[in-house]
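To be precise, the following lines are protein_16.cif, and they hold mmCIF, C-alpha atoms.
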```cif
data_entry
#
loop_
_atom_site.group_PDB
_atom_site.id
_atom_site.type_symbol
_atom_site.label_atom_id
_atom_site.label_comp_id
_atom_site.auth_asym_id
_atom_site.auth_seq_id
_atom_site.Cartn_x
_atom_site.Cartn_y
_atom_site.Cartn_z
ATOM 1 C CA MET W 1 -67.464 -21.953 -8.413
ATOM 2 C CA LYS W 2 -66.046 -25.433 -8.007
ATOM 3 C CA LYS W 3 -68.695 -27.921 -6.907
ATOM 4 C CA ASN W 4 -67.766 -29.986 -3.840
ATOM 5 C CA TRP W 5 -70.600 -32.530 -3.979
ATOM 6 C CA LEU W 6 -68.556 -35.284 -5.635
ATOM 7 C CA TRP W 7 -65.850 -35.808 -3.032
ATOM 8 C CA PRO W 8 -68.188 -36.672 -0.107
ATOM 9 C CA VAL W 9 -69.989 -39.149 -2.390
ATOM 10 C CA MET W 10 -66.739 -40.857 -3.304
ATOM 11 C CA ALA W 11 -65.322 -40.758 0.212
ATOM 12 C CA ALA W 12 -68.473 -42.389 1.557
ATOM 13 C CA GLY W 13 -67.697 -45.384 -0.652
ATOM 14 C CA LEU W 14 -70.479 -45.118 -3.234
ATOM 15 C CA PHE W 15 -68.254 -45.772 -5.428
ATOM 16 C CA ILE W 16 -60.830 -50.740 -9.483
ATOM 17 C CA SER W 17 -41.666 -57.327 -30.551
ATOM 18 C CA ALA W 18 -40.847 -60.896 -29.871
ATOM 19 C CA CYS W 19 -37.416 -62.297 -30.821
ATOM 20 C CA GLY W 20 -37.286 -64.929 -33.524
ATOM 21 C CA ALA W 21 -36.788 -68.514 -32.434
ATOM 22 C CA GLU W 22 -33.366 -70.018 -33.062
ATOM 23 C CA THR W 23 -34.934 -73.151 -34.514
ATOM 24 C CA ALA W 24 -37.997 -73.526 -36.693
ATOM 25 C CA GLU W 25 -41.140 -74.876 -35.080
ATOM 26 C CA ASP W 26 -43.033 -77.827 -36.447
ATOM 27 C CA PRO W 27 -46.347 -76.380 -37.762
ATOM 28 C CA THR W 28 -48.148 -79.467 -36.528
ATOM 29 C CA ASP W 29 -46.828 -78.947 -32.999
ATOM 30 C CA THR W 30 -47.846 -75.282 -33.081
ATOM 31 C CA ALA W 31 -51.348 -76.142 -34.262
ATOM 32 C CA THR W 32 -51.675 -78.783 -31.562
ATOM 33 C CA GLU W 33 -50.501 -76.365 -28.857
ATOM 34 C CA SER W 34 -52.947 -73.697 -30.084
ATOM 35 C CA ALA W 35 -55.814 -76.165 -30.033
ATOM 36 C CA GLU W 36 -54.907 -77.267 -26.509
ATOM 37 C CA GLU W 37 -54.711 -73.644 -25.321
ATOM 38 C CA THR W 38 -58.108 -72.901 -26.879
ATOM 39 C CA GLU W 39 -59.657 -75.954 -25.218
ATOM 40 C CA THR W 40 -58.196 -74.933 -21.847
ATOM 41 C CA ALA W 41 -59.446 -71.353 -22.174
ATOM 42 C CA SER W 42 -62.885 -72.596 -23.231
ATOM 43 C CA ALA W 43 -63.026 -74.877 -20.197
ATOM 44 C CA VAL W 44 -62.163 -71.959 -17.893
ATOM 45 C CA ASP W 45 -64.738 -69.745 -19.610
ATOM 46 C CA SER W 46 -67.470 -72.374 -19.339
ATOM 47 C CA ALA W 47 -66.709 -73.114 -15.692
ATOM 48 C CA ALA W 48 -66.856 -69.429 -14.789
ATOM 49 C CA MET W 49 -70.078 -68.795 -16.670
ATOM 50 C CA GLU W 50 -71.782 -71.846 -15.158
ATOM 51 C CA LEU W 51 -71.787 -69.901 -11.883
ATOM 52 C CA GLU W 52 -73.820 -67.083 -13.419
ATOM 53 C CA VAL W 53 -77.583 -66.605 -13.311
ATOM 54 C CA PRO W 54 -79.646 -63.859 -14.981
ATOM 55 C CA PHE W 55 -79.734 -60.520 -13.160
ATOM 56 C CA ASP W 56 -82.391 -57.867 -13.662
ATOM 57 C CA GLY W 57 -82.198 -55.692 -10.593
ATOM 58 C CA VAL W 58 -80.367 -52.797 -9.009
ATOM 59 C CA MET W 59 -76.774 -52.939 -7.803
ATOM 60 C CA ASP W 60 -75.486 -50.549 -5.187
ATOM 61 C CA HIS W 61 -72.168 -49.598 -3.603
ATOM 62 C CA VAL W 62 -69.955 -50.609 -6.531
ATOM 63 C CA HIS W 63 -66.309 -50.824 -5.441
ATOM 64 C CA GLY W 64 -64.549 -51.859 -8.605
ATOM 65 C CA MET W 65 -65.072 -52.694 -12.268
ATOM 66 C CA GLY W 66 -63.034 -54.463 -14.927
ATOM 67 C CA TYR W 67 -62.914 -56.841 -17.878
ATOM 68 C CA ILE W 68 -61.706 -60.393 -17.224
ATOM 69 C CA GLU W 69 -59.938 -61.598 -20.363
ATOM 70 C CA GLU W 70 -60.554 -65.307 -19.738
ATOM 71 C CA ASN W 71 -64.314 -65.014 -20.140
ATOM 72 C CA GLY W 72 -64.916 -61.666 -21.811
ATOM 73 C CA GLY W 73 -67.173 -60.206 -19.117
ATOM 74 C CA LEU W 74 -67.284 -56.720 -17.617
ATOM 75 C CA TYR W 75 -67.444 -57.350 -13.863
ATOM 76 C CA PHE W 76 -68.917 -54.983 -11.270
ATOM 77 C CA ALA W 77 -68.024 -55.597 -7.614
ATOM 78 C CA SER W 78 -71.058 -54.574 -5.582
ATOM 79 C CA HIS W 79 -72.328 -54.592 -2.016
ATOM 80 C CA HIS W 80 -74.137 -57.852 -2.890
ATOM 81 C CA GLY W 81 -71.672 -59.805 -4.993
ATOM 82 C CA LEU W 82 -70.441 -59.721 -8.576
ATOM 83 C CA LYS W 83 -72.618 -58.592 -11.475
ATOM 84 C CA VAL W 84 -71.473 -59.263 -15.041
ATOM 85 C CA HIS W 85 -72.279 -57.512 -18.320
ATOM 86 C CA ARG W 86 -71.506 -59.643 -21.371
ATOM 87 C CA ASP W 87 -72.825 -59.460 -24.934
ATOM 88 C CA GLY W 88 -75.551 -57.031 -23.902
ATOM 89 C CA LYS W 89 -76.881 -59.246 -21.097
ATOM 90 C CA TRP W 90 -76.606 -59.079 -17.307
ATOM 91 C CA THR W 91 -75.829 -61.945 -14.939
ATOM 92 C CA GLU W 92 -74.658 -62.324 -11.360
ATOM 93 C CA ILE W 93 -72.477 -64.888 -9.599
ATOM 94 C CA GLU W 94 -74.877 -67.163 -7.753
ATOM 95 C CA ASP W 95 -74.399 -67.899 -4.032
ATOM 96 C CA GLN W 96 -71.357 -65.600 -3.703
ATOM 97 C CA TYR W 97 -72.881 -62.400 -2.350
ATOM 98 C CA HIS W 98 -69.798 -60.957 -0.692
ATOM 99 C CA ASP W 99 -69.439 -57.207 -0.150
ATOM 100 C CA PHE W 100 -66.409 -56.706 -2.354
ATOM 101 C CA MET W 101 -63.973 -53.826 -1.767
ATOM 102 C CA GLY W 102 -60.696 -52.944 -3.499
ATOM 103 C CA PHE W 103 -61.745 -55.136 -6.452
ATOM 104 C CA ASN W 104 -59.315 -55.540 -9.379
ATOM 105 C CA ALA W 105 -59.970 -57.601 -12.494
ATOM 106 C CA THR W 106 -56.998 -59.563 -13.863
ATOM 107 C CA ALA W 107 -56.365 -61.514 -17.052
ATOM 108 C CA THR W 108 -57.475 -64.773 -15.430
ATOM 109 C CA GLY W 109 -59.852 -63.607 -12.692
ATOM 110 C CA PHE W 110 -59.810 -61.012 -9.947
ATOM 111 C CA VAL W 111 -58.239 -59.940 -6.652
ATOM 112 C CA THR W 112 -60.405 -58.402 -3.953
ATOM 113 C CA SER W 113 -60.916 -57.499 -0.337
ATOM 114 C CA GLY W 114 -64.101 -56.689 1.564
ATOM 115 C CA HIS W 115 -66.575 -58.511 3.772
ATOM 116 C CA PRO W 116 -67.916 -62.047 3.344
ATOM 117 C CA ASP W 117 -71.447 -63.216 2.750
ATOM 118 C CA MET W 118 -72.715 -64.285 6.176
ATOM 119 C CA GLN W 119 -73.427 -67.784 4.820
ATOM 120 C CA SER W 120 -69.896 -68.318 3.463
ATOM 121 C CA GLY W 121 -68.077 -69.280 6.654
ATOM 122 C CA MET W 122 -65.220 -66.918 5.791
ATOM 123 C CA GLN W 123 -63.749 -64.645 8.443
ATOM 124 C CA ASN W 124 -64.637 -60.967 8.410
ATOM 125 C CA PRO W 125 -62.986 -59.015 6.843
ATOM 126 C CA LEU W 126 -61.813 -61.006 3.820
ATOM 127 C CA GLY W 127 -58.232 -59.724 3.842
ATOM 128 C CA ILE W 128 -56.953 -60.238 0.280
ATOM 129 C CA LYS W 129 -58.415 -62.977 -1.905
ATOM 130 C CA ARG W 130 -57.729 -64.084 -5.481
ATOM 131 C CA SER W 131 -60.080 -66.087 -7.688
ATOM 132 C CA ASP W 132 -59.178 -67.576 -11.066
ATOM 133 C CA ASP W 133 -62.448 -69.445 -11.623
ATOM 134 C CA GLY W 134 -64.983 -66.644 -11.759
ATOM 135 C CA GLY W 135 -65.560 -66.507 -8.018
ATOM 136 C CA GLU W 136 -66.318 -70.160 -7.274
ATOM 137 C CA THR W 137 -63.211 -70.546 -5.105
ATOM 138 C CA PHE W 138 -60.715 -68.162 -3.521
ATOM 139 C CA ASP W 139 -57.013 -68.325 -2.733
ATOM 140 C CA ASP W 140 -56.151 -66.557 0.524
ATOM 141 C CA LEU W 141 -53.331 -64.015 0.135
ATOM 142 C CA GLY W 142 -53.387 -63.095 3.807
ATOM 143 C CA PHE W 143 -54.945 -60.753 6.378
ATOM 144 C CA GLU W 144 -58.269 -62.615 6.639
ATOM 145 C CA GLY W 145 -60.031 -61.482 9.787
ATOM 146 C CA GLU W 146 -57.624 -58.533 10.056
ATOM 147 C CA THR W 147 -57.921 -55.940 7.301
ATOM 148 C CA ASP W 148 -60.363 -54.651 4.692
ATOM 149 C CA PHE W 149 -58.294 -53.023 1.933
ATOM 150 C CA HIS W 150 -60.352 -50.324 0.214
ATOM 151 C CA GLU W 151 -57.452 -48.900 -1.810
ATOM 152 C CA MET W 152 -55.689 -51.701 -3.695
ATOM 153 C CA ALA W 153 -54.056 -51.944 -7.130
ATOM 154 C CA VAL W 154 -53.178 -55.206 -8.900
ATOM 155 C CA GLY W 155 -51.122 -55.816 -12.037
ATOM 156 C CA TYR W 156 -53.492 -57.245 -14.671
ATOM 157 C CA ASN W 157 -50.922 -59.727 -15.968
ATOM 158 C CA THR W 158 -48.539 -59.970 -12.989
ATOM 159 C CA ASN W 159 -50.927 -60.174 -9.997
ATOM 160 C CA ASN W 160 -48.462 -57.979 -8.073
ATOM 161 C CA LEU W 161 -50.072 -55.598 -5.593
ATOM 162 C CA PHE W 162 -49.922 -52.091 -4.144
ATOM 163 C CA VAL W 163 -52.187 -51.301 -1.190
ATOM 164 C CA PHE W 164 -52.948 -48.746 1.481
ATOM 165 C CA ASN W 165 -53.152 -50.385 4.908
ATOM 166 C CA PRO W 166 -55.485 -48.333 7.159
ATOM 167 C CA GLN W 167 -54.102 -49.719 10.433
ATOM 168 C CA ALA W 168 -51.313 -52.030 11.558
ATOM 169 C CA ASN W 169 -51.911 -55.778 11.160
ATOM 170 C CA SER W 170 -49.809 -58.915 11.602
ATOM 171 C CA GLU W 171 -47.445 -58.059 8.710
ATOM 172 C CA MET W 172 -47.854 -54.370 7.897
ATOM 173 C CA GLU W 173 -47.614 -51.013 9.562
ATOM 174 C CA THR W 174 -50.133 -48.326 8.623
ATOM 175 C CA GLY W 175 -49.395 -46.868 5.179
ATOM 176 C CA PHE W 176 -48.607 -47.916 1.615
ATOM 177 C CA HIS W 177 -47.124 -51.329 0.834
ATOM 178 C CA ARG W 178 -46.293 -53.275 -2.309
ATOM 179 C CA SER W 179 -45.759 -56.921 -3.181
ATOM 180 C CA ASP W 180 -43.540 -57.832 -6.124
ATOM 181 C CA ASP W 181 -44.374 -61.559 -5.888
ATOM 182 C CA ALA W 182 -48.183 -61.612 -6.129
ATOM 183 C CA GLY W 183 -48.760 -61.344 -2.394
ATOM 184 C CA GLU W 184 -46.094 -63.683 -1.003
ATOM 185 C CA THR W 185 -44.099 -60.907 0.690
ATOM 186 C CA TRP W 186 -44.620 -57.195 1.361
ATOM 187 C CA GLN W 187 -42.535 -54.076 1.798
ATOM 188 C CA GLN W 188 -43.575 -50.595 2.889
ATOM 189 C CA THR W 189 -43.125 -47.653 0.528
ATOM 190 C CA ALA W 190 -42.604 -43.988 1.377
ATOM 191 C CA ALA W 191 -45.189 -42.621 -1.122
ATOM 192 C CA GLU W 192 -43.405 -39.247 -1.025
ATOM 193 C CA GLY W 193 -45.291 -36.508 -2.837
ATOM 194 C CA LEU W 194 -48.664 -38.251 -2.680
ATOM 195 C CA ASP W 195 -51.037 -35.699 -1.155
ATOM 196 C CA GLY W 196 -54.644 -35.741 -0.012
ATOM 197 C CA LYS W 197 -57.162 -38.487 0.678
ATOM 198 C CA VAL W 198 -56.546 -41.327 -1.799
ATOM 199 C CA THR W 199 -59.650 -43.084 -3.091
ATOM 200 C CA TYR W 200 -58.233 -45.164 -5.940
ATOM 201 C CA LEU W 201 -54.976 -46.855 -6.925
ATOM 202 C CA ALA W 202 -53.969 -48.360 -10.269
ATOM 203 C CA MET W 203 -50.984 -50.468 -11.378
ATOM 204 C CA HIS W 204 -49.615 -50.978 -14.888
ATOM 205 C CA PRO W 205 -50.583 -54.437 -16.247
ATOM 206 C CA ASP W 206 -46.927 -55.512 -16.699
ATOM 207 C CA ASP W 207 -44.654 -52.929 -15.050
ATOM 208 C CA SER W 208 -45.315 -53.104 -11.307
ATOM 209 C CA MET W 209 -43.129 -50.056 -10.688
ATOM 210 C CA MET W 210 -45.683 -47.835 -12.434
ATOM 211 C CA ILE W 211 -48.553 -46.843 -10.118
ATOM 212 C CA ALA W 212 -51.186 -44.114 -10.265
ATOM 213 C CA ALA W 213 -53.317 -42.652 -7.482
ATOM 214 C CA ALA W 214 -56.487 -40.550 -7.500
ATOM 215 C CA SER W 215 -57.035 -38.244 -4.521
ATOM 216 C CA ASN W 216 -58.907 -35.095 -3.617
ATOM 217 C CA GLN W 217 -55.703 -33.255 -4.556
ATOM 218 C CA GLY W 218 -55.522 -34.639 -8.096
ATOM 219 C CA ILE W 219 -53.915 -37.488 -10.040
ATOM 220 C CA PHE W 220 -50.443 -38.697 -9.043
ATOM 221 C CA LEU W 221 -47.992 -40.964 -10.866
ATOM 222 C CA SER W 222 -45.146 -43.121 -9.523
ATOM 223 C CA GLU W 223 -42.498 -44.857 -11.626
ATOM 224 C CA ASP W 224 -40.555 -46.359 -8.728
ATOM 225 C CA GLY W 225 -43.079 -48.705 -7.166
ATOM 226 C CA GLY W 226 -44.715 -46.119 -4.940
ATOM 227 C CA GLU W 227 -41.619 -44.709 -3.267
ATOM 228 C CA SER W 228 -42.331 -41.291 -4.770
ATOM 229 C CA PHE W 229 -45.196 -39.705 -6.709
ATOM 230 C CA SER W 230 -45.494 -36.706 -9.010
ATOM 231 C CA ARG W 231 -48.703 -34.713 -9.418
ATOM 232 C CA ILE W 232 -49.850 -34.690 -13.058
ATOM 233 C CA THR W 233 -52.999 -32.528 -12.663
ATOM 234 C CA GLU W 234 -53.633 -29.133 -11.105
ATOM 235 C CA GLY W 235 -56.753 -27.634 -9.544
ATOM 236 C CA GLU W 236 -58.913 -30.712 -10.095
ATOM 237 C CA LEU W 237 -60.326 -33.488 -7.977
ATOM 238 C CA GLY W 238 -58.804 -36.840 -8.984
ATOM 239 C CA THR W 239 -61.585 -39.435 -9.338
ATOM 240 C CA ALA W 240 -60.288 -42.488 -11.244
ATOM 241 C CA ALA W 241 -57.212 -44.077 -12.850
ATOM 242 C CA PHE W 242 -56.587 -47.064 -15.133
ATOM 243 C CA PHE W 243 -53.509 -48.346 -16.985
ATOM 244 C CA SER W 244 -53.479 -49.981 -20.387
ATOM 245 C CA GLU W 245 -50.180 -51.277 -21.766
ATOM 246 C CA ASP W 246 -49.288 -47.944 -23.347
ATOM 247 C CA ALA W 247 -51.383 -45.313 -21.565
ATOM 248 C CA LEU W 248 -52.771 -44.034 -18.288
ATOM 249 C CA TYR W 249 -56.461 -43.172 -18.377
ATOM 250 C CA TYR W 250 -57.439 -40.804 -15.601
ATOM 251 C CA ALA W 251 -60.603 -38.958 -14.611
ATOM 252 C CA THR W 252 -60.948 -35.634 -12.800
ATOM 253 C CA TYR W 253 -63.666 -33.228 -11.737
ATOM 254 C CA SER W 254 -63.682 -29.462 -11.442
ATOM 255 C CA GLU W 255 -66.594 -27.682 -13.102
ATOM 256 C CA GLU W 256 -67.412 -30.891 -14.977
ATOM 257 C CA ALA W 257 -66.229 -34.460 -15.370
ATOM 258 C CA LYS W 258 -63.210 -35.123 -17.573
ATOM 259 C CA LEU W 259 -61.538 -38.290 -18.873
ATOM 260 C CA VAL W 260 -57.996 -38.112 -20.266
ATOM 261 C CA LYS W 261 -55.752 -40.601 -22.064
ATOM 262 C CA ARG W 262 -52.114 -39.917 -21.200
ATOM 263 C CA ASP W 263 -49.689 -41.826 -23.451
ATOM 264 C CA LEU W 264 -46.793 -43.276 -21.479
ATOM 265 C CA SER W 265 -44.480 -42.129 -24.259
ATOM 266 C CA GLY W 266 -45.773 -38.551 -23.938
ATOM 267 C CA GLY W 267 -48.849 -36.532 -24.895
ATOM 268 C CA GLU W 268 -52.454 -36.372 -23.685
ATOM 269 C CA GLU W 269 -55.866 -36.346 -25.294
ATOM 270 C CA GLU W 270 -59.278 -35.780 -23.718
ATOM 271 C CA ILE W 271 -61.902 -38.450 -24.353
ATOM 272 C CA SER W 272 -65.475 -37.310 -24.937
ATOM 273 C CA LEU W 273 -67.889 -38.390 -22.204
ATOM 274 C CA PRO W 274 -71.643 -38.932 -22.297
ATOM 275 C CA GLU W 275 -73.770 -36.102 -20.946
ATOM 276 C CA MET W 276 -73.606 -36.029 -17.148
ATOM 277 C CA THR W 277 -75.158 -33.649 -14.620
ATOM 278 C CA GLU W 278 -73.156 -33.129 -11.431
ATOM 279 C CA ASP W 279 -71.610 -36.560 -11.836
ATOM 280 C CA GLY W 280 -68.069 -37.862 -12.203
ATOM 281 C CA VAL W 281 -66.228 -40.956 -13.399
ATOM 282 C CA VAL W 282 -65.045 -43.145 -10.511
ATOM 283 C CA TYR W 283 -64.032 -46.335 -12.422
ATOM 284 C CA VAL W 284 -62.584 -46.842 -15.893
ATOM 285 C CA ALA W 285 -61.909 -50.107 -17.732
ATOM 286 C CA GLN W 286 -60.660 -51.080 -21.175
ATOM 287 C CA HIS W 287 -61.403 -54.321 -22.989
ATOM 288 C CA PRO W 288 -58.136 -56.327 -23.156
ATOM 289 C CA GLU W 289 -58.592 -57.271 -26.828
ATOM 290 C CA ASN W 290 -60.212 -54.076 -28.132
ATOM 291 C CA PRO W 291 -58.508 -50.854 -26.990
ATOM 292 C CA GLU W 292 -61.368 -48.681 -28.306
ATOM 293 C CA GLN W 293 -63.887 -50.475 -26.066
ATOM 294 C CA LEU W 294 -64.027 -48.566 -22.790
ATOM 295 C CA ALA W 295 -66.405 -48.649 -19.840
ATOM 296 C CA ILE W 296 -67.013 -46.042 -17.158
ATOM 297 C CA TYR W 297 -68.924 -46.091 -13.863
ATOM 298 C CA THR W 298 -69.953 -42.863 -12.152
ATOM 299 C CA ALA W 299 -70.528 -41.561 -8.635
ATOM 300 C CA LYS W 300 -74.297 -41.598 -9.188
ATOM 301 C CA GLY W 301 -74.398 -45.248 -10.215
ATOM 302 C CA HIS W 302 -74.541 -44.853 -13.985
ATOM 303 C CA ALA W 303 -72.407 -46.907 -16.391
ATOM 304 C CA TRP W 304 -71.680 -46.565 -20.089
ATOM 305 C CA GLN W 305 -69.698 -48.457 -22.710
ATOM 306 C CA THR W 306 -68.131 -47.189 -25.918
ATOM 307 C CA GLN W 307 -66.886 -49.243 -28.859
ATOM 308 C CA ASP W 308 -65.121 -46.322 -30.540
ATOM 309 C CA ALA W 309 -62.983 -44.625 -27.856
ATOM 310 C CA GLY W 310 -65.690 -42.205 -26.766
ATOM 311 C CA GLU W 311 -67.275 -41.162 -30.047
ATOM 312 C CA ASN W 312 -70.501 -42.917 -29.035
ATOM 313 C CA TRP W 313 -71.633 -44.244 -25.654
ATOM 314 C CA THR W 314 -74.306 -46.800 -24.718
ATOM 315 C CA GLN W 315 -75.756 -46.667 -21.199
ATOM 316 C CA ILE W 316 -75.801 -50.049 -19.438
ATOM 317 C CA LEU W 317 -76.667 -48.868 -15.883
ATOM 318 C CA ASN W 318 -79.037 -46.089 -14.850
ATOM 319 C CA ALA W 319 -78.690 -45.207 -11.157
ATOM 320 C CA GLY W 320 -77.788 -48.833 -10.507
ATOM 321 C CA GLN W 321 -80.653 -50.322 -12.552
ATOM 322 C CA VAL W 322 -79.416 -52.601 -15.313
ATOM 323 C CA GLN W 323 -80.357 -51.610 -18.854
#
```
Output the file's structure as structure tokens, nothing else.
Amino acid sequence: MKKNWLWPVMAAGLFISACGAETAEDPTDTATESAEETETASAVDSAAMELEVPFDGVMDHVHGMGYIEENGGLYFASHHGLKVHRDGKWTEIEDQYHDFMGFNATATGFVTSGHPDMQSGMQNPLGIKRSDDGGETFDDLGFEGETDFHEMAVGYNTNNLFVFNPQANSEMETGFHRSDDAGETWQQTAAEGLDGKVTYLAMHPDDSMMIAAASNQGIFLSEDGGESFSRITEGELGTAAFFSEDALYYATYSEEAKLVKRDLSGGEEEISLPEMTEDGVVYVAQHPENPEQLAIYTAKGHAWQTQDAGENWTQILNAGQVQ
């Protein structure tokens, strides 16, 4: 018999070839540019990590997880701020204890919604915010004091967005909307074919027309920016979705948890998961520089990492307690 314990847990929110140059480059110029880029990246990394302090506690109500390429950390968006796993150690962002919702890591930072720390002076709810300095400062993308977006997808490299708006606000009617200019303007989409209660949305890192949704009716895929969706699973609860450049990773639950890699060029393969008892994957992330390094977070607050595409897993969270 199909177990129905997972859906109420998720719904409650316990749980996202170059062309050759026409003229030859001066090797000295190239070396100088590379050095400058490295120095800039290092400065960003250092600034972000200066905000972090050691963390050795329990995190609850995680509402998103992802690797930020600029500083190499695996970020968890929790009820009490951001927690970071990096090089086997845990830290948290000091003095930024917002209740993050709809969290999406990007190449340079993250985009989020949620509720502010009472000491921050921000309006509640947050609307949509973007940070490119590890959470020290936030750019306002709108809807502050109006809307808390629980279901939100962001392009990792584009910062374009696809959201579900739960009720009408100053710019949006209720329903699904997308922004093809990183939050400057919005347009509503029909989302035809998308059935059930949606708990998670994902957008391709570069192609903003490609969107996936996880719902209690399965996993759905759109290739036209959310105007229409096709169901790609049958008879399973959809629990998570994540795009790499060349694949859609999705998680489902029926009699047991399952994680699948679906190549965008065709074909699927199931990825082995660590042993789980009545538990399912609700967030998936892939390291931007190492495609075999994956991380998962589950409905019961466990998290694992693998360095070899699922052959071996190391637990880094046990019921919310850092390991």
Residue with the minimum atom-to-atom distance to Gly72 (chain W), picked from W:Ala309, W:Ile93, W:Ile128, W:Met49 with only C-alpha atoms counted, is W:Met49
What lies within 8 Å of region 211-228 of chain W using all atoms listed in the file, ignoring chain neighbours under 6 positions off, as a ChimeraX atom specification?
/W:7,162,176,178,189-204,234-242,250,252
Shell around region 277-279 of chain W at 7 Å using only C-alpha atoms, local window under 4 positions removed, as a list of chain:residue names
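Everything that qualifies: W:Ala257, W:Thr298, W:Ala299, W:Lys300.
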C-alpha atoms of the current selection, written as a compact mmCIF listing (two decimals), in the coordinates of the input:
```
# COMPACT_ATOMS: atom_id res chain seq x y z
CA ALA W 257 -66.23 -34.46 -15.37
CA THR W 298 -69.95 -42.86 -12.15
CA ALA W 299 -70.53 -41.56 -8.64
CA LYS W 300 -74.30 -41.60 -9.19
```
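With distances taken over all atoms listed in the file, W:Gly134 is the one residue among W:Gly121, W:Gly134, W:Pro116, W:Gly66 lying closest to Glu92 (chain W).
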Write out as a PDB file with C-alpha atoms, in the frame of the given file each polymer residue whose atoms come within 8 Å of Leu264 (chain W), counting all atoms listed in the file; drop sequence neighbours fewer than 6 positions from it.
```pdb
ATOM      1  CA  ASP W 246     -49.288 -47.944 -23.347  1.00  0.00           C
ATOM      2  CA  ALA W 247     -51.383 -45.313 -21.565  1.00  0.00           C
ATOM      3  CA  LEU W 248     -52.771 -44.034 -18.288  1.00  0.00           C
TER       4      LEU W 248
END
```
